[in-house]
file structure_30.pdb (PDB, C-alpha atoms)
MODEL        1
ATOM      1  CA  MET A   1       0.000   0.000   0.000
ATOM      2  CA  GLU A   2       1.715   3.169  -1.248
ATOM      3  CA  PRO A   3       1.128   6.202   1.000
ATOM      4  CA  LEU A   4      -0.731   9.090  -0.621
ATOM      5  CA  HIS A   5       0.689  12.590  -0.800
ATOM      6  CA  ILE A   6      -1.838  14.464   1.321
ATOM      7  CA  SER A   7      -1.002  17.953   2.525
ATOM      8  CA  LEU A   8      -0.801  18.494   6.258
ATOM      9  CA  TRP A   9      -3.606  21.061   6.265
ATOM     10  CA  VAL A  10      -5.956  18.559   4.634
ATOM     11  CA  ILE A  11      -5.081  15.909   7.243
ATOM     12  CA  VAL A  12      -5.576  18.377  10.101
ATOM     13  CA  GLY A  13      -8.849  19.578   8.570
ATOM     14  CA  LEU A  14     -10.207  16.049   8.142
ATOM     15  CA  VAL A  15      -9.213  15.091  11.692
ATOM     16  CA  ALA A  16     -11.124  18.175  12.869
ATOM     17  CA  VAL A  17     -14.182  17.140  10.809
ATOM     18  CA  ALA A  18     -13.965  13.593  12.237
ATOM     19  CA  LEU A  19     -13.849  14.988  15.774
ATOM     20  CA  ALA A  20     -16.825  17.210  14.916
ATOM     21  CA  PHE A  21     -18.699  14.061  13.880
ATOM     22  CA  ASP A  22     -17.644  12.409  17.145
ATOM     23  CA  PHE A  23     -18.884  15.431  19.090
ATOM     24  CA  MET A  24     -22.165  15.289  17.174
ATOM     25  CA  ASN A  25     -22.373  11.551  17.874
ATOM     26  CA  GLY A  26     -22.242  12.277  21.609
ATOM     27  CA  PHE A  27     -24.669  15.186  21.186
ATOM     28  CA  HIS A  28     -27.074  13.118  19.065
ATOM     29  CA  ASP A  29     -26.866   9.971  21.197
ATOM     30  CA  ALA A  30     -26.880  11.666  24.606
ATOM     31  CA  ALA A  31     -30.614  11.098  24.652
ATOM     32  CA  ASN A  32     -30.055   7.338  24.506
ATOM     33  CA  ALA A  33     -27.959   7.451  27.664
ATOM     34  CA  ILE A  34     -29.963   9.957  29.697
ATOM     35  CA  ALA A  35     -33.574   9.703  28.491
ATOM     36  CA  THR A  36     -34.644   7.003  30.930
ATOM     37  CA  VAL A  37     -32.869   8.483  33.958
ATOM     38  CA  VAL A  38     -34.322  11.955  33.192
ATOM     39  CA  SER A  39     -37.841  10.784  32.344
ATOM     40  CA  THR A  40     -38.068   8.799  35.586
ATOM     41  CA  GLY A  41     -36.960  11.871  37.565
ATOM     42  CA  VAL A  42     -33.859  10.240  39.042
ATOM     43  CA  LEU A  43     -31.551  12.999  37.760
ATOM     44  CA  LYS A  44     -32.085  16.487  36.402
ATOM     45  CA  PRO A  45     -30.995  16.931  32.767
ATOM     46  CA  HIS A  46     -27.736  18.772  33.521
ATOM     47  CA  GLN A  47     -26.790  16.169  36.139
ATOM     48  CA  ALA A  48     -27.610  13.317  33.769
ATOM     49  CA  VAL A  49     -25.477  14.598  30.887
ATOM     50  CA  ALA A  50     -22.498  15.172  33.210
ATOM     51  CA  TRP A  51     -22.899  11.620  34.570
ATOM     52  CA  ALA A  52     -23.111  10.170  31.052
ATOM     53  CA  ALA A  53     -20.194  12.236  29.720
ATOM     54  CA  PHE A  54     -17.939  11.072  32.552
ATOM     55  CA  PHE A  55     -18.577   7.412  31.774
ATOM     56  CA  ASN A  56     -18.223   8.033  28.031
ATOM     57  CA  PHE A  57     -14.632   9.085  28.678
ATOM     58  CA  VAL A  58     -13.877   6.437  31.307
ATOM     59  CA  ALA A  59     -14.640   3.807  28.640
ATOM     60  CA  LEU A  60     -11.205   4.690  27.227
ATOM     61  CA  PHE A  61      -9.644   2.644  30.030
ATOM     62  CA  VAL A  62     -12.053  -0.307  29.824
ATOM     63  CA  PHE A  63     -12.424  -1.475  26.208
ATOM     64  CA  HIS A  64      -9.906  -2.739  23.676
ATOM     65  CA  LEU A  65      -9.939  -1.073  20.238
ATOM     66  CA  LYS A  66     -11.654  -3.936  18.422
ATOM     67  CA  VAL A  67     -14.466  -1.768  17.046
ATOM     68  CA  ALA A  68     -11.920   0.787  15.793
ATOM     69  CA  SER A  69     -10.097  -2.012  13.979
ATOM     70  CA  THR A  70     -13.331  -3.121  12.282
ATOM     71  CA  VAL A  71     -14.129   0.414  11.089
ATOM     72  CA  GLY A  72     -10.541   1.245  10.162
ATOM     73  CA  LYS A  73      -9.669  -1.939   8.279
ATOM     74  CA  GLY A  74     -12.759  -4.150   8.118
ATOM     75  CA  ILE A  75     -15.300  -2.191   6.029
ATOM     76  CA  VAL A  76     -13.251  -1.110   3.017
ATOM     77  CA  ASP A  77      -9.837  -2.150   1.717
ATOM     78  CA  PRO A  78      -7.358   0.398   3.161
ATOM     79  CA  ALA A  79      -5.632   0.546  -0.238
ATOM     80  CA  ALA A  80      -8.740   2.223  -1.692
ATOM     81  CA  VAL A  81      -8.955   4.924   0.984
ATOM     82  CA  ASP A  82      -7.974   8.502   0.254
ATOM     83  CA  HIS A  83      -8.788  11.894   1.730
ATOM     84  CA  TYR A  84     -11.704  12.428  -0.669
ATOM     85  CA  LEU A  85     -13.324   9.191   0.502
ATOM     86  CA  ILE A  86     -12.889  10.138   4.161
ATOM     87  CA  PHE A  87     -14.350  13.594   3.528
ATOM     88  CA  GLY A  88     -17.365  12.152   1.714
ATOM     89  CA  ALA A  89     -18.011   9.539   4.412
ATOM     90  CA  LEU A  90     -17.932  12.125   7.191
ATOM     91  CA  LEU A  91     -20.064  14.618   5.259
ATOM     92  CA  GLY A  92     -22.756  12.008   4.578
ATOM     93  CA  ALA A  93     -22.829  10.866   8.211
ATOM     94  CA  ILE A  94     -22.930  14.414   9.601
ATOM     95  CA  ALA A  95     -25.677  15.487   7.177
ATOM     96  CA  TRP A  96     -27.897  12.537   8.167
ATOM     97  CA  ASN A  97     -27.269  13.188  11.874
ATOM     98  CA  ILE A  98     -28.309  16.829  11.499
ATOM     99  CA  ILE A  99     -31.496  15.889   9.628
ATOM    100  CA  THR A 100     -32.557  13.256  12.171
ATOM    101  CA  TRP A 101     -31.623  15.467  15.131
ATOM    102  CA  TYR A 102     -33.702  18.335  13.722
ATOM    103  CA  TYR A 103     -36.776  16.138  13.430
ATOM    104  CA  GLY A 104     -36.162  14.439  16.793
ATOM    105  CA  ILE A 105     -35.649  11.002  15.241
ATOM    106  CA  PRO A 106     -33.371   8.643  17.250
ATOM    107  CA  SER A 107     -31.408   7.254  14.309
ATOM    108  CA  SER A 108     -27.983   5.612  14.393
ATOM    109  CA  SER A 109     -24.836   7.735  14.149
ATOM    110  CA  SER A 110     -22.890   4.487  13.837
ATOM    111  CA  HIS A 111     -24.755   3.237  10.805
ATOM    112  CA  ALA A 112     -24.706   6.720   9.300
ATOM    113  CA  LEU A 113     -20.909   6.525   9.392
ATOM    114  CA  ILE A 114     -20.850   2.999   7.939
ATOM    115  CA  GLY A 115     -23.284   4.108   5.228
ATOM    116  CA  GLY A 116     -21.072   7.112   4.567
ATOM    117  CA  ILE A 117     -17.982   4.939   4.129
ATOM    118  CA  VAL A 118     -19.861   2.591   1.785
ATOM    119  CA  GLY A 119     -21.358   5.423  -0.290
ATOM    120  CA  ALA A 120     -18.074   7.297  -0.687
ATOM    121  CA  THR A 121     -16.257   4.066  -1.599
ATOM    122  CA  ILE A 122     -18.813   3.199  -4.297
ATOM    123  CA  ALA A 123     -18.581   6.738  -5.694
ATOM    124  CA  LYS A 124     -14.825   6.341  -5.996
ATOM    125  CA  ALA A 125     -14.267   2.752  -7.108
ATOM    126  CA  GLY A 126     -17.521   0.791  -7.161
ATOM    127  CA  THR A 127     -18.183  -2.113  -4.820
ATOM    128  CA  SER A 128     -14.957  -4.103  -5.284
ATOM    129  CA  PRO A 129     -13.001  -2.443  -2.404
ATOM    130  CA  LEU A 130     -15.798  -3.128   0.080
ATOM    131  CA  ILE A 131     -15.176  -5.966   2.549
ATOM    132  CA  ALA A 132     -18.270  -8.141   2.613
ATOM    133  CA  GLU A 133     -17.614  -9.759   5.995
ATOM    134  CA  GLY A 134     -17.373  -6.497   7.923
ATOM    135  CA  ILE A 135     -20.400  -4.966   6.216
ATOM    136  CA  THR A 136     -22.475  -8.133   6.631
ATOM    137  CA  ARG A 137     -21.764  -8.334  10.376
ATOM    138  CA  THR A 138     -22.716  -4.682  10.783
ATOM    139  CA  VAL A 139     -25.956  -5.081   8.810
ATOM    140  CA  ILE A 140     -26.907  -8.260  10.688
ATOM    141  CA  PHE A 141     -26.510  -6.437  13.991
ATOM    142  CA  ILE A 142     -29.003  -3.790  12.856
ATOM    143  CA  VAL A 143     -31.499  -6.532  13.701
ATOM    144  CA  VAL A 144     -29.546  -8.436  16.356
ATOM    145  CA  SER A 145     -28.691  -5.555  18.720
ATOM    146  CA  PRO A 146     -32.281  -4.320  19.291
ATOM    147  CA  VAL A 147     -33.521  -7.922  19.554
ATOM    148  CA  VAL A 148     -30.886  -8.744  22.176
ATOM    149  CA  GLY A 149     -31.657  -5.452  23.943
ATOM    150  CA  TYR A 150     -35.366  -6.344  23.845
ATOM    151  CA  LEU A 151     -34.777  -9.822  25.280
ATOM    152  CA  LEU A 152     -32.404  -8.672  28.015
ATOM    153  CA  GLY A 153     -34.647  -5.744  28.958
ATOM    154  CA  SER A 154     -37.652  -8.091  29.125
ATOM    155  CA  LEU A 155     -35.791 -10.723  31.151
ATOM    156  CA  MET A 156     -34.462  -8.112  33.565
ATOM    157  CA  MET A 157     -37.976  -6.760  34.059
ATOM    158  CA  VAL A 158     -39.421 -10.237  34.711
ATOM    159  CA  LEU A 159     -36.594 -11.102  37.117
ATOM    160  CA  VAL A 160     -36.943  -7.837  39.036
ATOM    161  CA  ALA A 161     -40.733  -8.222  39.209
ATOM    162  CA  TRP A 162     -40.306 -11.702  40.732
ATOM    163  CA  ILE A 163     -37.662 -10.554  43.228
ATOM    164  CA  CYS A 164     -39.766  -7.563  44.294
ATOM    165  CA  ARG A 165     -43.145  -9.330  44.244
ATOM    166  CA  ASN A 166     -43.712  -8.824  47.996
ATOM    167  CA  LYS A 167     -42.371  -5.271  48.172
ATOM    168  CA  THR A 168     -44.455  -2.089  48.059
ATOM    169  CA  GLN A 169     -44.268   0.141  44.987
ATOM    170  CA  ARG A 170     -42.888   2.983  47.080
ATOM    171  CA  ARG A 171     -40.032   0.860  48.407
ATOM    172  CA  VAL A 172     -39.240  -0.526  44.944
ATOM    173  CA  ASP A 173     -39.099   2.989  43.480
ATOM    174  CA  LYS A 174     -36.840   4.151  46.303
ATOM    175  CA  TRP A 175     -34.300   1.384  45.684
ATOM    176  CA  PHE A 176     -34.355   1.582  41.906
ATOM    177  CA  ARG A 177     -33.965   5.349  41.836
ATOM    178  CA  ARG A 178     -30.531   4.657  43.344
ATOM    179  CA  LEU A 179     -29.785   1.610  41.203
ATOM    180  CA  GLN A 180     -30.640   3.554  38.065
ATOM    181  CA  LEU A 181     -27.567   5.695  38.661
ATOM    182  CA  VAL A 182     -25.505   2.510  38.293
ATOM    183  CA  SER A 183     -27.362   1.316  35.198
ATOM    184  CA  ALA A 184     -27.133   4.748  33.531
ATOM    185  CA  GLY A 185     -23.382   4.762  34.189
ATOM    186  CA  LEU A 186     -22.988   1.265  32.743
ATOM    187  CA  TYR A 187     -24.961   2.173  29.637
ATOM    188  CA  SER A 188     -22.873   5.338  29.093
ATOM    189  CA  LEU A 189     -19.735   3.242  29.540
ATOM    190  CA  GLY A 190     -20.925   0.912  26.777
ATOM    191  CA  HIS A 191     -21.939   3.857  24.600
ATOM    192  CA  GLY A 192     -18.510   5.465  24.858
ATOM    193  CA  GLY A 193     -16.726   2.136  24.388
ATOM    194  CA  ASN A 194     -18.514   1.364  21.113
ATOM    195  CA  ASP A 195     -19.226   4.770  19.557
ATOM    196  CA  ALA A 196     -15.998   6.683  20.219
ATOM    197  CA  GLN A 197     -14.057   3.872  18.576
ATOM    198  CA  LYS A 198     -15.847   4.418  15.259
ATOM    199  CA  THR A 199     -14.254   7.847  14.952
ATOM    200  CA  VAL A 200     -10.935   6.369  16.076
ATOM    201  CA  GLY A 201     -11.310   3.931  13.177
ATOM    202  CA  ILE A 202     -11.969   6.563  10.513
ATOM    203  CA  ILE A 203      -9.049   8.772  11.638
ATOM    204  CA  TRP A 204      -6.906   5.622  11.612
ATOM    205  CA  MET A 205      -7.995   5.035   7.990
ATOM    206  CA  LEU A 206      -6.806   8.540   7.107
ATOM    207  CA  LEU A 207      -3.444   8.144   8.849
ATOM    208  CA  LEU A 208      -2.873   4.785   7.139
ATOM    209  CA  ALA A 209      -3.667   6.290   3.735
ATOM    210  CA  ALA A 210      -1.281   9.188   4.360
ATOM    211  CA  GLY A 211       1.509   6.858   5.543
ATOM    212  CA  MET A 212       1.584   8.505   8.971
ATOM    213  CA  THR A 213       1.169   5.115  10.634
ATOM    214  CA  ALA A 214       1.794   1.568   9.397
ATOM    215  CA  PRO A 215      -0.886  -1.177   9.212
ATOM    216  CA  GLY A 216       0.851  -3.227  11.918
ATOM    217  CA  GLU A 217       1.264  -0.332  14.349
ATOM    218  CA  PRO A 218      -1.227   0.494  17.121
ATOM    219  CA  VAL A 219      -3.499   3.507  16.831
ATOM    220  CA  PRO A 220      -1.663   6.646  18.030
ATOM    221  CA  SER A 221      -2.699   7.414  21.603
ATOM    222  CA  TRP A 222      -3.507  11.050  20.783
ATOM    223  CA  VAL A 223      -6.219   9.864  18.378
ATOM    224  CA  VAL A 224      -7.860   7.680  21.013
ATOM    225  CA  ILE A 225      -7.780  10.355  23.726
ATOM    226  CA  LEU A 226      -9.169  13.080  21.448
ATOM    227  CA  CYS A 227     -12.005  10.848  20.241
ATOM    228  CA  TYR A 228     -13.122   9.923  23.742
ATOM    229  CA  LEU A 229     -12.909  13.563  24.827
ATOM    230  CA  ALA A 230     -14.959  14.673  21.810
ATOM    231  CA  ILE A 231     -17.811  12.217  22.400
ATOM    232  CA  GLY A 232     -17.867  13.097  26.101
ATOM    233  CA  CYS A 233     -18.060  16.823  25.333
ATOM    234  CA  GLY A 234     -20.851  16.169  22.818
ATOM    235  CA  THR A 235     -22.804  14.280  25.446
ATOM    236  CA  LEU A 236     -22.442  17.244  27.822
ATOM    237  CA  PHE A 237     -24.434  19.400  25.399
ATOM    238  CA  GLY A 238     -27.131  16.744  24.988
ATOM    239  CA  GLY A 239     -29.602  16.054  22.200
ATOM    240  CA  TRP A 240     -32.715  17.371  23.931
ATOM    241  CA  ARG A 241     -35.013  16.972  20.922
ATOM    242  CA  ILE A 242     -34.669  13.181  21.151
ATOM    243  CA  VAL A 243     -34.972  12.782  24.940
ATOM    244  CA  LYS A 244     -38.771  12.962  24.939
ATOM    245  CA  THR A 245     -39.107  10.349  22.181
ATOM    246  CA  MET A 246     -36.812   7.882  23.915
ATOM    247  CA  GLY A 247     -37.920   8.524  27.481
ATOM    248  CA  GLN A 248     -41.694   8.907  27.254
ATOM    249  CA  ARG A 249     -43.210   8.567  23.792
ATOM    250  CA  ILE A 250     -42.304   4.871  23.309
ATOM    251  CA  THR A 251     -43.576   3.824  26.746
ATOM    252  CA  GLN A 252     -43.984   5.404  30.191
ATOM    253  CA  LEU A 253     -41.050   4.415  32.394
ATOM    254  CA  LYS A 254     -40.647   4.170  36.152
ATOM    255  CA  PRO A 255     -37.244   3.819  37.875
ATOM    256  CA  VAL A 256     -37.417   0.010  37.854
ATOM    257  CA  GLY A 257     -38.153   0.024  34.112
ATOM    258  CA  GLY A 258     -35.371   2.521  33.448
ATOM    259  CA  PHE A 259     -32.932   0.324  35.369
ATOM    260  CA  CYS A 260     -33.911  -2.799  33.403
ATOM    261  CA  ALA A 261     -33.744  -1.034  30.025
ATOM    262  CA  GLU A 262     -30.346   0.539  30.698
ATOM    263  CA  THR A 263     -28.877  -2.668  32.115
ATOM    264  CA  GLY A 264     -30.131  -4.736  29.171
ATOM    265  CA  GLY A 265     -28.764  -2.154  26.748
ATOM    266  CA  ALA A 266     -25.410  -1.967  28.545
ATOM    267  CA  LEU A 267     -24.927  -5.746  28.471
ATOM    268  CA  THR A 268     -25.664  -5.776  24.736
ATOM    269  CA  LEU A 269     -23.105  -3.019  24.068
ATOM    270  CA  PHE A 270     -20.446  -4.751  26.187
ATOM    271  CA  MET A 271     -20.929  -7.939  24.155
ATOM    272  CA  ALA A 272     -20.756  -6.113  20.809
ATOM    273  CA  SER A 273     -17.625  -4.174  21.788
ATOM    274  CA  ALA A 274     -15.918  -7.380  22.926
ATOM    275  CA  LEU A 275     -16.674  -8.894  19.499
ATOM    276  CA  GLY A 276     -15.473  -5.773  17.664
ATOM    277  CA  ILE A 277     -18.877  -5.099  16.066
ATOM    278  CA  PRO A 278     -19.927  -1.466  15.521
ATOM    279  CA  VAL A 279     -23.553  -1.488  16.660
ATOM    280  CA  SER A 280     -26.109   1.245  17.119
ATOM    281  CA  THR A 281     -26.549   2.387  20.694
ATOM    282  CA  THR A 282     -29.854   3.897  19.545
ATOM    283  CA  HIS A 283     -31.153   0.561  18.241
ATOM    284  CA  THR A 284     -29.993  -1.199  21.379
ATOM    285  CA  ILE A 285     -31.631   1.050  23.969
ATOM    286  CA  THR A 286     -34.819   1.354  21.906
ATOM    287  CA  GLY A 287     -35.129  -2.440  21.829
ATOM    288  CA  ALA A 288     -34.548  -2.594  25.583
ATOM    289  CA  ILE A 289     -37.162   0.103  26.300
ATOM    290  CA  VAL A 290     -39.723  -1.680  24.112
ATOM    291  CA  GLY A 291     -38.912  -4.955  25.902
ATOM    292  CA  VAL A 292     -39.495  -3.388  29.308
ATOM    293  CA  GLY A 293     -42.769  -1.822  28.180
ATOM    294  CA  SER A 294     -44.097  -4.998  26.574
ATOM    295  CA  VAL A 295     -43.590  -7.020  29.775
ATOM    296  CA  ARG A 296     -46.205  -4.838  31.463
ATOM    297  CA  LYS A 297     -48.621  -5.240  28.539
ATOM    298  CA  ALA A 298     -48.396  -4.908  24.779
ATOM    299  CA  SER A 299     -50.594  -1.810  24.805
ATOM    300  CA  ALA A 300     -48.053  -0.052  27.073
ATOM    301  CA  VAL A 301     -45.812   0.342  24.010
ATOM    302  CA  ARG A 302     -46.745   2.973  21.452
ATOM    303  CA  TRP A 303     -46.020   0.761  18.464
ATOM    304  CA  GLY A 304     -46.648   3.562  15.982
ATOM    305  CA  VAL A 305     -43.779   5.587  17.477
ATOM    306  CA  ALA A 306     -41.553   2.500  17.597
ATOM    307  CA  GLY A 307     -42.438   1.712  13.978
ATOM    308  CA  GLY A 308     -41.455   5.217  12.884
ATOM    309  CA  ILE A 309     -38.080   4.758  14.577
ATOM    310  CA  VAL A 310     -37.578   1.443  12.750
ATOM    311  CA  TRP A 311     -38.159   3.202   9.418
ATOM    312  CA  ALA A 312     -35.375   5.630  10.341
ATOM    313  CA  TRP A 313     -33.107   2.624  10.982
ATOM    314  CA  VAL A 314     -33.917   1.152   7.572
ATOM    315  CA  LEU A 315     -33.225   4.431   5.773
ATOM    316  CA  THR A 316     -30.036   5.440   7.627
ATOM    317  CA  ILE A 317     -27.429   3.480   5.655
ATOM    318  CA  PRO A 318     -28.812   4.131   2.133
ATOM    319  CA  CYS A 319     -29.552   7.823   2.801
ATOM    320  CA  SER A 320     -26.160   8.541   4.374
ATOM    321  CA  ALA A 321     -24.509   6.559   1.540
ATOM    322  CA  ILE A 322     -26.188   8.708  -1.108
ATOM    323  CA  MET A 323     -25.176  11.926   0.650
ATOM    324  CA  ALA A 324     -21.633  10.589   1.132
ATOM    325  CA  ALA A 325     -21.338   9.882  -2.592
ATOM    326  CA  GLY A 326     -22.204  13.532  -3.222
ATOM    327  CA  GLY A 327     -19.724  14.517  -0.512
ATOM    328  CA  TYR A 328     -16.987  12.516  -2.254
ATOM    329  CA  TRP A 329     -17.448  14.437  -5.500
ATOM    330  CA  LEU A 330     -17.606  17.718  -3.592
ATOM    331  CA  GLY A 331     -14.342  16.819  -1.903
ATOM    332  CA  ARG A 332     -12.706  16.324  -5.311
ATOM    333  CA  PHE A 333     -13.359  20.008  -6.018
ATOM    334  CA  ILE A 334     -12.479  21.624  -2.711
ATOM    335  CA  LEU A 335      -9.632  19.535  -1.228
TER     336      LEU A 335
ENDMDL
END

call {"tool": "encode", "arguments": {"input": "structure_30.pdb", "output": "structure tokens"}}
result
Amino acid sequence: MEPLHISLWVIVGLVAVALAFDFMNGFHDAANAIATVVSTGVLKPHQAVAWAAFFNFVALFVFHLKVASTVGKGIVDPAAVDHYLIFGALLGAIAWNIITWYYGIPSSSSHALIGGIVGATIAKAGTSPLIAEGITRTVIFIVVSPVVGYLLGSLMMVLVAWICRNKTQRRVDKWFRRLQLVSAGLYSLGHGGNDAQKTVGIIWMLLLAAGMTAPGEPVPSWVVILCYLAIGCGTLFGGWRIVKTMGQRITQLKPVGGFCAETGGALTLFMASALGIPVSTTHTITGAIVGVGSVRKASAVRWGVAGGIVWAWVLTIPCSAIMAAGGYWLGRFIL
């Protein structure tokens, strides 16, 4: 793989754009981490985002960079990557995030980035540089992660209901208001561990293409630290438009339900990060919330709202891919 001659200002500019995407990822997905703990009244919004942001950054010291490796070398052949492709991928992902944030739709920043990479790659060289295994695993987990979140959220709710069957509602709420602090922290840990690594992966792609690091070398530590800081700072600002959808419009949550949803979602994210699979934290927590609501009764879930969210999931990769293809050609003119 021959290194490309990319000017330093272009590299610095693209790293800045990638960090802006990472910041937006935290901003966009903050609702996933804090919606349940805010909607149940356990924490005030400003307390919740600070709690989530802290654990987003702490994830730096917990998870290996398996997801970053998948994004950096497992979606597209590194030999096909150039600065135009990176620019297009980031532009497509950012554009889709802005659109879905504006309309309050909890879509996936992760799949927007994957769609962006795919779209920009096809615009440059067709489908041949794409790595089928990495893309297939990511697409499969569009279905698997919310299903696992649903099952774990449901099982947690059933288990807790059995354990607390002889306790008063007031006592249960008192205990789970405290336990929800733990579950919210665990979920934010999983969110940071999976999502920050996606930006690590795309910056790694750029550095590999520019010859600033070799394929066998570890990711530079400054990249990892900056990415975790960026997603934590994004979470601090919060995506308030999406909080209401996630916390109340899908189903009404109490502290015990919030605890079960966050714990089920966290366990799913830990598993995916250990396997190196870039999953959607949005899909995961939505599945867990629906699972918790459906244990009470099917009518407790507003299936129309959930169905609208699923449509956003279906459209994320193709829409971000189309915008990324346009971004690739734009990059050819301005970089």

call {"tool": "closest_residue", "arguments": {"input": "structure_30.pdb", "among": "A:Leu267, A:Ala272, A:Ala16, A:Ile34", "to": "His64 (chain A)", "atoms": "all atoms listed in the file"}}
result
A:Ala272

call {"tool": "residues_around", "arguments": {"input": "structure_30.pdb", "residues": "Ala20 (chain A)", "least_positions_apart": "4", "cutoff": "10 Å", "atoms": "all atoms listed in the file", "output": "mmCIF file with C-alpha atoms, in the frame of the given file"}}
result
data_model
loop_
_atom_site.group_PDB
_atom_site.id
_atom_site.type_symbol
_atom_site.label_atom_id
_atom_site.label_comp_id
_atom_site.auth_asym_id
_atom_site.auth_seq_id
_atom_site.Cartn_x
_atom_site.Cartn_y
_atom_site.Cartn_z
ATOM 1 C CA LEU A 14 -10.207 16.049 8.142
ATOM 2 C CA VAL A 15 -9.213 15.091 11.692
ATOM 3 C CA ALA A 16 -11.124 18.175 12.869
ATOM 4 C CA MET A 24 -22.165 15.289 17.174
ATOM 5 C CA ASN A 25 -22.373 11.551 17.874
ATOM 6 C CA GLY A 26 -22.242 12.277 21.609
ATOM 7 C CA LEU A 90 -17.932 12.125 7.191
ATOM 8 C CA ILE A 94 -22.930 14.414 9.601
ATOM 9 C CA THR A 199 -14.254 7.847 14.952
ATOM 10 C CA CYS A 227 -12.005 10.848 20.241
ATOM 11 C CA ALA A 230 -14.959 14.673 21.810
ATOM 12 C CA ILE A 231 -17.811 12.217 22.400
ATOM 13 C CA GLY A 234 -20.851 16.169 22.818
#

call {"tool": "resolve_selection", "arguments": {"input": "structure_30.pdb", "expression": "the PyMOL selection byres ((chain A and resi 190) around 6)", "output": "list in words"}}
result
Tyr187, Ser188, Leu189, His191, Gly192, Gly193, Ala266, Leu269 and Phe270 of chain A

call {"tool": "atom_distance", "arguments": {"input": "structure_30.pdb", "atom1": "CA of Ile11 (chain A)", "atom2": "CA of Ser280 (chain A)"}}
result
27.5 Å

call {"tool": "closest_residue", "arguments": {"input": "structure_30.pdb", "among": "A:Thr235, A:Ser221, A:Thr136, A:Ser108", "to": "Leu60 (chain A)", "atoms": "all atoms listed in the file"}}
result
A:Ser221

call {"tool": "residues_around", "arguments": {"input": "structure_30.pdb", "residues": "Gly265 (chain A)", "least_positions_apart": "5", "cutoff": "7 Å", "atoms": "all atoms listed in the file", "output": "PDB file with C-alpha atoms, in the coordinates of the input"}}
result
ATOM      1  CA  GLY A 149     -31.657  -5.452  23.943  1.00  0.00           C
ATOM      2  CA  TYR A 187     -24.961   2.173  29.637  1.00  0.00           C
ATOM      3  CA  THR A 284     -29.993  -1.199  21.379  1.00  0.00           C
ATOM      4  CA  ILE A 285     -31.631   1.050  23.969  1.00  0.00           C
ATOM      5  CA  ALA A 288     -34.548  -2.594  25.583  1.00  0.00           C
TER       6      ALA A 288
END

call {"tool": "closest_residue", "arguments": {"input": "structure_30.pdb", "among": "A:Ala53, A:Ala68, A:Ala325, A:Leu4", "to": "Ala184 (chain A)", "atoms": "only C-alpha atoms"}}
result
A:Ala53

call {"tool": "atom_distance", "arguments": {"input": "structure_30.pdb", "atom1": "CA of Met323 (chain A)", "atom2": "CA of Ile105 (chain A)"}}
result
18.0 Å

call {"tool": "decode", "arguments": {"input": "structure_30.pdb", "residues": "region 145-182 of chain A", "atoms": "C-alpha atoms", "output": "short mmCIF file (atom, residue, chain, number, x, y, z; two decimals), in the first residue's frame"}}
result
data_model
loop_
_atom_site.label_atom_id
_atom_site.label_comp_id
_atom_site.auth_asym_id
_atom_site.auth_seq_id
_atom_site.Cartn_x
_atom_site.Cartn_y
_atom_site.Cartn_z
CA SER A 145 -28.69 -5.55 18.72
CA PRO A 146 -32.28 -4.32 19.29
CA VAL A 147 -33.52 -7.92 19.55
CA VAL A 148 -30.89 -8.74 22.18
CA GLY A 149 -31.66 -5.45 23.94
CA TYR A 150 -35.37 -6.34 23.84
CA LEU A 151 -34.78 -9.82 25.28
CA LEU A 152 -32.40 -8.67 28.01
CA GLY A 153 -34.65 -5.74 28.96
CA SER A 154 -37.65 -8.09 29.13
CA LEU A 155 -35.79 -10.72 31.15
CA MET A 156 -34.46 -8.11 33.56
CA MET A 157 -37.98 -6.76 34.06
CA VAL A 158 -39.42 -10.24 34.71
CA LEU A 159 -36.59 -11.10 37.12
CA VAL A 160 -36.94 -7.84 39.04
CA ALA A 161 -40.73 -8.22 39.21
CA TRP A 162 -40.31 -11.70 40.73
CA ILE A 163 -37.66 -10.55 43.23
CA CYS A 164 -39.77 -7.56 44.29
CA ARG A 165 -43.15 -9.33 44.24
CA ASN A 166 -43.71 -8.82 48.00
CA LYS A 167 -42.37 -5.27 48.17
CA THR A 168 -44.45 -2.09 48.06
CA GLN A 169 -44.27 0.14 44.99
CA ARG A 170 -42.89 2.98 47.08
CA ARG A 171 -40.03 0.86 48.41
CA VAL A 172 -39.24 -0.53 44.94
CA ASP A 173 -39.10 2.99 43.48
CA LYS A 174 -36.84 4.15 46.30
CA TRP A 175 -34.30 1.38 45.68
CA PHE A 176 -34.35 1.58 41.91
CA ARG A 177 -33.96 5.35 41.84
CA ARG A 178 -30.53 4.66 43.34
CA LEU A 179 -29.79 1.61 41.20
CA GLN A 180 -30.64 3.55 38.06
CA LEU A 181 -27.57 5.70 38.66
CA VAL A 182 -25.51 2.51 38.29
#
